[in-house]
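Peer 1: Below is a structure I'd like to ask you about.
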Amino acid sequence: MTHDLPKIEFKSDFELDIEVMTFAETFDKLGLSTSHDPFSPHRILFHLIIIVTKNTYEHVVDFKSYTLVEGSSIFVSKNQIHHFNKELINAEGYCIIFNSSFVDKSHYLLSTLNLNRLFNYHIETPVIHQSKTDHDNLISTAHNLRNEYMFSNGFGKSQILSNLLNVLLLKAERTKENQSVKDINMHWLEKFTAFKDILEDEFANTRSSRYYASKLFISYKFLNDIVKTLTGKTVKAFIDDFVIIEIKRYLVTTSLSIKEISYKTGFEEPTNMGKFFRKNTGFTPLKFRNKT
């Protein structure tokens with residue numbers, strides 16, 4: 001167990017801000033890692049897409065294991081906790097990673113995507129199975145993305161990769177839209193995504209529902225209606241659950257003391273964090289750490 005939770009930034013052997021690797025290549029690269037154990041929980045600071053093309057693979061995201069079969073894909077969002085399984089070597093597929101720089105460079109394309117469901121793990125499962133895609137699977141698009149990534153002629157490569165990634169994400173988002181509750185206002189999804197992004201940055205500073213509403217320039221009642229419709233929770237309950245997940249992440253994946261974790265998650269006193277955690281989980285932080 002590391003002293004603090006590893007935060008893994010995007011690193012590539014290429015000048016591009018995207019990598020499209022086979023499972024075999026990914027496994028070899030993971031074996032060379034010296035900064036962290038890729039087979040133990042760590043936080044990623046980029047987006048990851050895993051698409052299985054043959055056999056079965058299980059991937060762990062936020063302590064939950066997801067089984068992927070041929071045609072399945074999983075979308076791991078920036079700032080999530082995940083880890084690889086060594087059984088990756090027994091399956092075939094692609095690992096696609098891209099960072100914010102790639103999105104920024106491709107802004108004219110990717111900014112038009114309303115990916116409010118695809119990388120929104122608070123309201124959606126991160127997995128898409130081929131059986132749910134209405135025969136519109138992602139494998140062929142992933143093949144094209146890989147072929148362009150490996151193509152020797154570099155002319156227009158970044159733009160072509162942007163277009164192909166754009167197609168893959170749109171296909172996945174379309175599947176998510178078909179699976180989701182219908183008739184939800186897209187504006188509400190956009191506001192919820194903005195709320196989640198601000199919360200990720202500022203939860204350690206404040207858990208005030210009204211503060212987040214003010215940051216979004218909407219009323220507390222409107223924000224509460226949005227969150228309750230999409231998640232079934234009030235804003236306060238959603239914020240509390242978010243903080244609990246962060247505390248659990250630190251407890252399970254680091255050797256930080258309870259006192260250190262309390263400061264990192266916005267509590268001035270460890271006793272206050274302990275009371276908050278026990279009220280929401282039924283365990284003291286120490287008991288939760290020892291049982292997992």
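By order of appearance in the structure tokens: chains A, B, ..., then residues from 1 within every chain, and ligands from 1 in the order shown.
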What's the 9 Å shell around Ile226 in chain A, counting only C-alpha atoms, without same-chain residues fewer than 6 positions away, as a PyMOL selection string?

Peer 2: chain A and resi 188-189+191-192+234-235

Peer 1: Within range 5-209 of chain A, find each residue whose DSSP state, derived from the backbone, is strand (DSSP E), and express the selection as a VMD selection string.

Peer 2: chain A and resid 7 to 8 18 to 22 42 to 44 47 to 54 57 to 61 64 to 68 73 to 76 81 to 83 92 to 98 127 to 128

Peer 1: Excluding Val69 in chain A and residues on its chain fewer than 5 positions from it, collect all residues at most 12 Å away from it, counting only C-alpha atoms, and give them as JSON, numbers by chain.

Peer 2: {"A": [50, 51, 52, 53, 54, 55, 56, 57, 58, 59, 74, 88, 91, 92, 93, 127, 128, 129, 130, 131]}

Peer 1: Go ahead and write the residues just picked, N, CA, C and O atoms, as a PDB file, in the first residue's frame.

Peer 2:
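Dumped everything to selection27.pdb:
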ATOM      1  N   ILE A  50     -11.649   0.827 -22.763  1.00  0.00           N
ATOM      2  CA  ILE A  50     -11.202  -0.544 -22.993  1.00  0.00           C
ATOM      3  C   ILE A  50     -12.271  -1.259 -23.809  1.00  0.00           C
ATOM      4  O   ILE A  50     -13.446  -1.260 -23.434  1.00  0.00           O
ATOM      5  N   ILE A  51     -11.874  -1.835 -24.930  1.00  0.00           N
ATOM      6  CA  ILE A  51     -12.799  -2.547 -25.805  1.00  0.00           C
ATOM      7  C   ILE A  51     -12.285  -3.968 -25.998  1.00  0.00           C
ATOM      8  O   ILE A  51     -11.144  -4.168 -26.447  1.00  0.00           O
ATOM      9  N   VAL A  52     -13.087  -4.960 -25.657  1.00  0.00           N
ATOM     10  CA  VAL A  52     -12.702  -6.363 -25.785  1.00  0.00           C
ATOM     11  C   VAL A  52     -13.143  -6.893 -27.140  1.00  0.00           C
ATOM     12  O   VAL A  52     -14.305  -6.725 -27.532  1.00  0.00           O
ATOM     13  N   THR A  53     -12.211  -7.527 -27.862  1.00  0.00           N
ATOM     14  CA  THR A  53     -12.530  -8.103 -29.170  1.00  0.00           C
ATOM     15  C   THR A  53     -12.530  -9.630 -29.154  1.00  0.00           C
ATOM     16  O   THR A  53     -13.025 -10.259 -30.085  1.00  0.00           O
ATOM     17  N   LYS A  54     -11.956 -10.221 -28.106  1.00  0.00           N
ATOM     18  CA  LYS A  54     -11.930 -11.682 -28.014  1.00  0.00           C
ATOM     19  C   LYS A  54     -11.758 -12.101 -26.560  1.00  0.00           C
ATOM     20  O   LYS A  54     -11.000 -11.495 -25.815  1.00  0.00           O
ATOM     21  N   ASN A  55     -12.474 -13.160 -26.164  1.00  0.00           N
ATOM     22  CA  ASN A  55     -12.425 -13.730 -24.810  1.00  0.00           C
ATOM     23  C   ASN A  55     -13.054 -12.788 -23.784  1.00  0.00           C
ATOM     24  O   ASN A  55     -13.815 -11.889 -24.148  1.00  0.00           O
ATOM     25  N   THR A  56     -12.725 -12.977 -22.517  1.00  0.00           N
ATOM     26  CA  THR A  56     -13.354 -12.250 -21.411  1.00  0.00           C
ATOM     27  C   THR A  56     -12.292 -11.574 -20.550  1.00  0.00           C
ATOM     28  O   THR A  56     -11.193 -12.117 -20.377  1.00  0.00           O
ATOM     29  N   TYR A  57     -12.639 -10.411 -20.048  1.00  0.00           N
ATOM     30  CA  TYR A  57     -11.713  -9.666 -19.180  1.00  0.00           C
ATOM     31  C   TYR A  57     -12.515  -8.944 -18.108  1.00  0.00           C
ATOM     32  O   TYR A  57     -13.593  -8.417 -18.371  1.00  0.00           O
ATOM     33  N   GLU A  58     -11.991  -8.915 -16.884  1.00  0.00           N
ATOM     34  CA  GLU A  58     -12.640  -8.193 -15.781  1.00  0.00           C
ATOM     35  C   GLU A  58     -11.793  -6.987 -15.404  1.00  0.00           C
ATOM     36  O   GLU A  58     -10.583  -7.119 -15.193  1.00  0.00           O
ATOM     37  N   HIS A  59     -12.453  -5.830 -15.329  1.00  0.00           N
ATOM     38  CA  HIS A  59     -11.754  -4.593 -14.960  1.00  0.00           C
ATOM     39  C   HIS A  59     -12.418  -3.998 -13.719  1.00  0.00           C
ATOM     40  O   HIS A  59     -13.643  -4.056 -13.581  1.00  0.00           O
ATOM     41  N   ILE A  74     -15.671  -0.494 -21.741  1.00  0.00           N
ATOM     42  CA  ILE A  74     -15.824   0.201 -20.470  1.00  0.00           C
ATOM     43  C   ILE A  74     -15.147   1.554 -20.592  1.00  0.00           C
ATOM     44  O   ILE A  74     -14.072   1.681 -21.197  1.00  0.00           O
ATOM     45  N   LEU A  88      -5.654  -9.666 -18.274  1.00  0.00           N
ATOM     46  CA  LEU A  88      -5.681  -8.886 -19.516  1.00  0.00           C
ATOM     47  C   LEU A  88      -4.910  -9.605 -20.624  1.00  0.00           C
ATOM     48  O   LEU A  88      -5.294  -9.547 -21.801  1.00  0.00           O
ATOM     49  N   ALA A  91      -6.891 -12.045 -22.930  1.00  0.00           N
ATOM     50  CA  ALA A  91      -7.960 -11.536 -23.795  1.00  0.00           C
ATOM     51  C   ALA A  91      -7.340 -10.694 -24.903  1.00  0.00           C
ATOM     52  O   ALA A  91      -6.136 -10.413 -24.898  1.00  0.00           O
ATOM     53  N   GLU A  92      -8.162 -10.297 -25.850  1.00  0.00           N
ATOM     54  CA  GLU A  92      -7.707  -9.413 -26.922  1.00  0.00           C
ATOM     55  C   GLU A  92      -8.616  -8.195 -26.986  1.00  0.00           C
ATOM     56  O   GLU A  92      -9.808  -8.278 -26.660  1.00  0.00           O
ATOM     57  N   GLY A  93      -8.040  -7.090 -27.406  1.00  0.00           N
ATOM     58  CA  GLY A  93      -8.828  -5.872 -27.506  1.00  0.00           C
ATOM     59  C   GLY A  93      -7.932  -4.658 -27.587  1.00  0.00           C
ATOM     60  O   GLY A  93      -6.733  -4.760 -27.891  1.00  0.00           O
ATOM     61  N   VAL A 127     -20.170   0.566 -18.491  1.00  0.00           N
ATOM     62  CA  VAL A 127     -20.020  -0.520 -19.455  1.00  0.00           C
ATOM     63  C   VAL A 127     -21.086  -0.460 -20.543  1.00  0.00           C
ATOM     64  O   VAL A 127     -22.244  -0.142 -20.277  1.00  0.00           O
ATOM     65  N   ILE A 128     -20.673  -0.770 -21.758  1.00  0.00           N
ATOM     66  CA  ILE A 128     -21.599  -0.978 -22.874  1.00  0.00           C
ATOM     67  C   ILE A 128     -21.333  -2.379 -23.416  1.00  0.00           C
ATOM     68  O   ILE A 128     -20.189  -2.715 -23.743  1.00  0.00           O
ATOM     69  N   HIS A 129     -22.369  -3.197 -23.507  1.00  0.00           N
ATOM     70  CA  HIS A 129     -22.246  -4.534 -24.084  1.00  0.00           C
ATOM     71  C   HIS A 129     -22.756  -4.506 -25.517  1.00  0.00           C
ATOM     72  O   HIS A 129     -23.712  -3.788 -25.842  1.00  0.00           O
ATOM     73  N   GLN A 130     -22.147  -5.303 -26.376  1.00  0.00           N
ATOM     74  CA  GLN A 130     -22.499  -5.310 -27.788  1.00  0.00           C
ATOM     75  C   GLN A 130     -23.979  -5.632 -28.006  1.00  0.00           C
ATOM     76  O   GLN A 130     -24.608  -5.123 -28.938  1.00  0.00           O
ATOM     77  N   SER A 131     -24.550  -6.451 -27.136  1.00  0.00           N
ATOM     78  CA  SER A 131     -25.953  -6.822 -27.270  1.00  0.00           C
ATOM     79  C   SER A 131     -26.890  -5.627 -27.130  1.00  0.00           C
ATOM     80  O   SER A 131     -28.048  -5.683 -27.538  1.00  0.00           O
TER      81      SER A 131
END

Peer 1: Pick out the residues sitting within 9 Å of range 16-29 of chain A, and hand them over as an MDAnalysis selection string; count only C-alpha atoms, and ignore anything fewer than 6 positions along from it in its own chain.

Peer 2: chainID A and resid 10 50 52 86 88:103 142 145:146 149:150 157:158 161

Peer 1: Please identify which residues in range 53-275 of chain A DSSP calls alpha helix (DSSP H) from the backbone, and express them as a ChimeraX atom specification.

Peer 2: /A:100-105,107-110,139-150,157-179,186-202,209-215,220-231,235-253,258-264,270-275

Peer 1: Please provide as a VMD selection string all residues within 10 Å of Gly266 in chain A, with the sequence filter that same-chain residues fewer than 6 positions apart are discarded (counting only C-alpha atoms).

Peer 2: chain A and resid 202 to 207 243 273

Peer 1: Rounded to one decimal place, report the CA of Val167 in chain A-CA of His143 in chain A distance in Å.

Peer 2: 12.3 Å

Peer 1: Could you pull the residues within 10 Å of Phe195 in chain A, counting only C-alpha atoms, minus those fewer than 6 positions along the same chain, as a VMD selection string?

Peer 2: chain A and resid 189 212 to 213 215 to 216 223 227 235

Peer 1: Next, write the just-selected residues to a file, as an mmCIF file, in the first residue's frame, keeping N, CA and C atoms as the atom set.

Peer 2:
data_model
loop_
_atom_site.group_PDB
_atom_site.id
_atom_site.type_symbol
_atom_site.label_atom_id
_atom_site.label_comp_id
_atom_site.auth_asym_id
_atom_site.auth_seq_id
_atom_site.Cartn_x
_atom_site.Cartn_y
_atom_site.Cartn_z
ATOM 1 N N LEU A 189 -28.905 17.593 -17.905
ATOM 2 C CA LEU A 189 -27.717 16.746 -17.916
ATOM 3 C C LEU A 189 -26.441 17.583 -17.945
ATOM 4 N N TYR A 212 -22.746 25.385 -4.425
ATOM 5 C CA TYR A 212 -22.620 24.814 -5.765
ATOM 6 C C TYR A 212 -23.697 25.351 -6.698
ATOM 7 N N ALA A 213 -24.878 25.590 -6.166
ATOM 8 C CA ALA A 213 -25.937 26.190 -6.981
ATOM 9 C C ALA A 213 -25.520 27.588 -7.447
ATOM 10 N N LYS A 215 -22.496 28.695 -7.858
ATOM 11 C CA LYS A 215 -21.414 28.573 -8.839
ATOM 12 C C LYS A 215 -21.965 28.272 -10.234
ATOM 13 N N LEU A 216 -23.141 27.650 -10.270
ATOM 14 C CA LEU A 216 -23.779 27.315 -11.543
ATOM 15 C C LEU A 216 -24.770 28.384 -11.988
ATOM 16 N N LEU A 223 -31.223 23.122 -8.740
ATOM 17 C CA LEU A 223 -30.154 22.124 -8.666
ATOM 18 C C LEU A 223 -30.644 20.871 -7.961
ATOM 19 N N VAL A 227 -30.627 17.062 -9.623
ATOM 20 C CA VAL A 227 -29.901 15.944 -9.021
ATOM 21 C C VAL A 227 -30.862 14.837 -8.605
ATOM 22 N N VAL A 235 -29.466 17.007 -3.368
ATOM 23 C CA VAL A 235 -28.113 17.528 -3.553
ATOM 24 C C VAL A 235 -27.245 17.193 -2.344
#

Peer 1: Compare A:Ser162, A:Asp37, A:Ile244, A:Leu48 by their minimum atom-to-atom distance to Gly282 in chain A, counting only C-alpha atoms, and give me the closest one.

Peer 2: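 Among the listed residues, A:Ile244 lies closest to Gly282 in chain A.
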
Peer 1: Please report the interatomic distance between CA of His47 in chain A and CA of Lys171 in chain A in Å with one decimal.

Peer 2: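 Calculated distance between CA of His47 in chain A and CA of Lys171 in chain A is 16.7 Å.
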
Peer 1: Separation of CA of Ile139 in chain A and CA of Ser72 in chain A, in Å?

Peer 2: 8.9 Å

Peer 1: Determine, counting only C-alpha atoms, which protein, DNA and RNA residues have an atom within 12 Å of an atom of Glu260 in chain A; residues of the same chain fewer than 3 positions away are not included. Present the result as a PDB file with N, CA, C and O atoms, in the first residue's frame.

Peer 2:
ATOM      1  N   HIS A   3       1.858   5.319   0.465  1.00  0.00           N
ATOM      2  CA  HIS A   3       1.521   6.290   1.500  1.00  0.00           C
ATOM      3  C   HIS A   3       0.364   7.169   1.064  1.00  0.00           C
ATOM      4  O   HIS A   3      -0.533   7.471   1.833  1.00  0.00           O
ATOM      5  N   ASP A   4       0.394   7.570  -0.176  1.00  0.00           N
ATOM      6  CA  ASP A   4      -0.708   8.368  -0.714  1.00  0.00           C
ATOM      7  C   ASP A   4      -1.192   7.716  -1.997  1.00  0.00           C
ATOM      8  O   ASP A   4      -0.518   6.892  -2.593  1.00  0.00           O
ATOM      9  N   ILE A 247     -13.452   9.261   0.826  1.00  0.00           N
ATOM     10  CA  ILE A 247     -12.858   8.764   2.073  1.00  0.00           C
ATOM     11  C   ILE A 247     -12.530   7.281   1.934  1.00  0.00           C
ATOM     12  O   ILE A 247     -11.442   6.829   2.329  1.00  0.00           O
ATOM     13  N   TYR A 250      -9.342   6.694  -0.040  1.00  0.00           N
ATOM     14  CA  TYR A 250      -8.129   6.919   0.745  1.00  0.00           C
ATOM     15  C   TYR A 250      -7.908   5.808   1.761  1.00  0.00           C
ATOM     16  O   TYR A 250      -6.777   5.359   1.969  1.00  0.00           O
ATOM     17  N   LEU A 251      -8.971   5.348   2.398  1.00  0.00           N
ATOM     18  CA  LEU A 251      -8.841   4.313   3.423  1.00  0.00           C
ATOM     19  C   LEU A 251      -8.328   2.999   2.838  1.00  0.00           C
ATOM     20  O   LEU A 251      -7.494   2.319   3.449  1.00  0.00           O
ATOM     21  N   THR A 254      -4.522   3.753   0.445  1.00  0.00           N
ATOM     22  CA  THR A 254      -3.344   4.448   0.958  1.00  0.00           C
ATOM     23  C   THR A 254      -3.091   4.053   2.411  1.00  0.00           C
ATOM     24  O   THR A 254      -3.927   3.424   3.062  1.00  0.00           O
ATOM     25  N   SER A 255      -1.935   4.431   2.887  1.00  0.00           N
ATOM     26  CA  SER A 255      -1.599   4.227   4.295  1.00  0.00           C
ATOM     27  C   SER A 255      -1.674   5.530   5.073  1.00  0.00           C
ATOM     28  O   SER A 255      -1.122   5.645   6.169  1.00  0.00           O
ATOM     29  N   LEU A 256      -2.344   6.529   4.517  1.00  0.00           N
ATOM     30  CA  LEU A 256      -2.523   7.798   5.227  1.00  0.00           C
ATOM     31  C   LEU A 256      -3.262   7.561   6.540  1.00  0.00           C
ATOM     32  O   LEU A 256      -4.153   6.717   6.625  1.00  0.00           O
ATOM     33  N   SER A 257      -2.915   8.326   7.547  1.00  0.00           N
ATOM     34  CA  SER A 257      -3.602   8.215   8.830  1.00  0.00           C
ATOM     35  C   SER A 257      -5.014   8.771   8.709  1.00  0.00           C
ATOM     36  O   SER A 257      -5.329   9.518   7.774  1.00  0.00           O
ATOM     37  N   TYR A 263      -8.248  15.694   6.819  1.00  0.00           N
ATOM     38  CA  TYR A 263      -7.857  16.996   6.270  1.00  0.00           C
ATOM     39  C   TYR A 263      -8.000  17.017   4.747  1.00  0.00           C
ATOM     40  O   TYR A 263      -8.452  18.010   4.170  1.00  0.00           O
ATOM     41  N   LYS A 264      -7.633  15.915   4.097  1.00  0.00           N
ATOM     42  CA  LYS A 264      -7.707  15.853   2.631  1.00  0.00           C
ATOM     43  C   LYS A 264      -9.144  15.866   2.122  1.00  0.00           C
ATOM     44  O   LYS A 264      -9.397  16.253   0.976  1.00  0.00           O
ATOM     45  N   THR A 265     -10.082  15.444   2.949  1.00  0.00           N
ATOM     46  CA  THR A 265     -11.479  15.370   2.512  1.00  0.00           C
ATOM     47  C   THR A 265     -12.345  16.471   3.128  1.00  0.00           C
ATOM     48  O   THR A 265     -13.566  16.392   3.073  1.00  0.00           O
ATOM     49  N   GLY A 266     -11.699  17.496   3.711  1.00  0.00           N
ATOM     50  CA  GLY A 266     -12.428  18.692   4.103  1.00  0.00           C
ATOM     51  C   GLY A 266     -12.908  18.771   5.536  1.00  0.00           C
ATOM     52  O   GLY A 266     -13.774  19.591   5.845  1.00  0.00           O
ATOM     53  N   PHE A 267     -12.348  17.945   6.432  1.00  0.00           N
ATOM     54  CA  PHE A 267     -12.757  17.985   7.835  1.00  0.00           C
ATOM     55  C   PHE A 267     -11.620  18.567   8.672  1.00  0.00           C
ATOM     56  O   PHE A 267     -10.474  18.132   8.568  1.00  0.00           O
ATOM     57  N   GLU A 268     -11.958  19.541   9.502  1.00  0.00           N
ATOM     58  CA  GLU A 268     -10.937  20.165  10.342  1.00  0.00           C
ATOM     59  C   GLU A 268     -10.539  19.275  11.498  1.00  0.00           C
ATOM     60  O   GLU A 268      -9.409  19.356  11.990  1.00  0.00           O
ATOM     61  N   GLU A 269     -11.444  18.410  11.940  1.00  0.00           N
ATOM     62  CA  GLU A 269     -11.177  17.513  13.051  1.00  0.00           C
ATOM     63  C   GLU A 269     -11.444  16.066  12.645  1.00  0.00           C
ATOM     64  O   GLU A 269     -12.502  15.774  12.065  1.00  0.00           O
ATOM     65  N   PRO A 270     -10.533  15.155  12.943  1.00  0.00           N
ATOM     66  CA  PRO A 270     -10.751  13.741  12.621  1.00  0.00           C
ATOM     67  C   PRO A 270     -12.014  13.169  13.255  1.00  0.00           C
ATOM     68  O   PRO A 270     -12.659  12.293  12.661  1.00  0.00           O
ATOM     69  N   MET A 273     -14.935  13.815  10.963  1.00  0.00           N
ATOM     70  CA  MET A 273     -14.926  12.904   9.825  1.00  0.00           C
ATOM     71  C   MET A 273     -15.389  11.522  10.257  1.00  0.00           C
ATOM     72  O   MET A 273     -16.156  10.863   9.550  1.00  0.00           O
TER      73      MET A 273
END
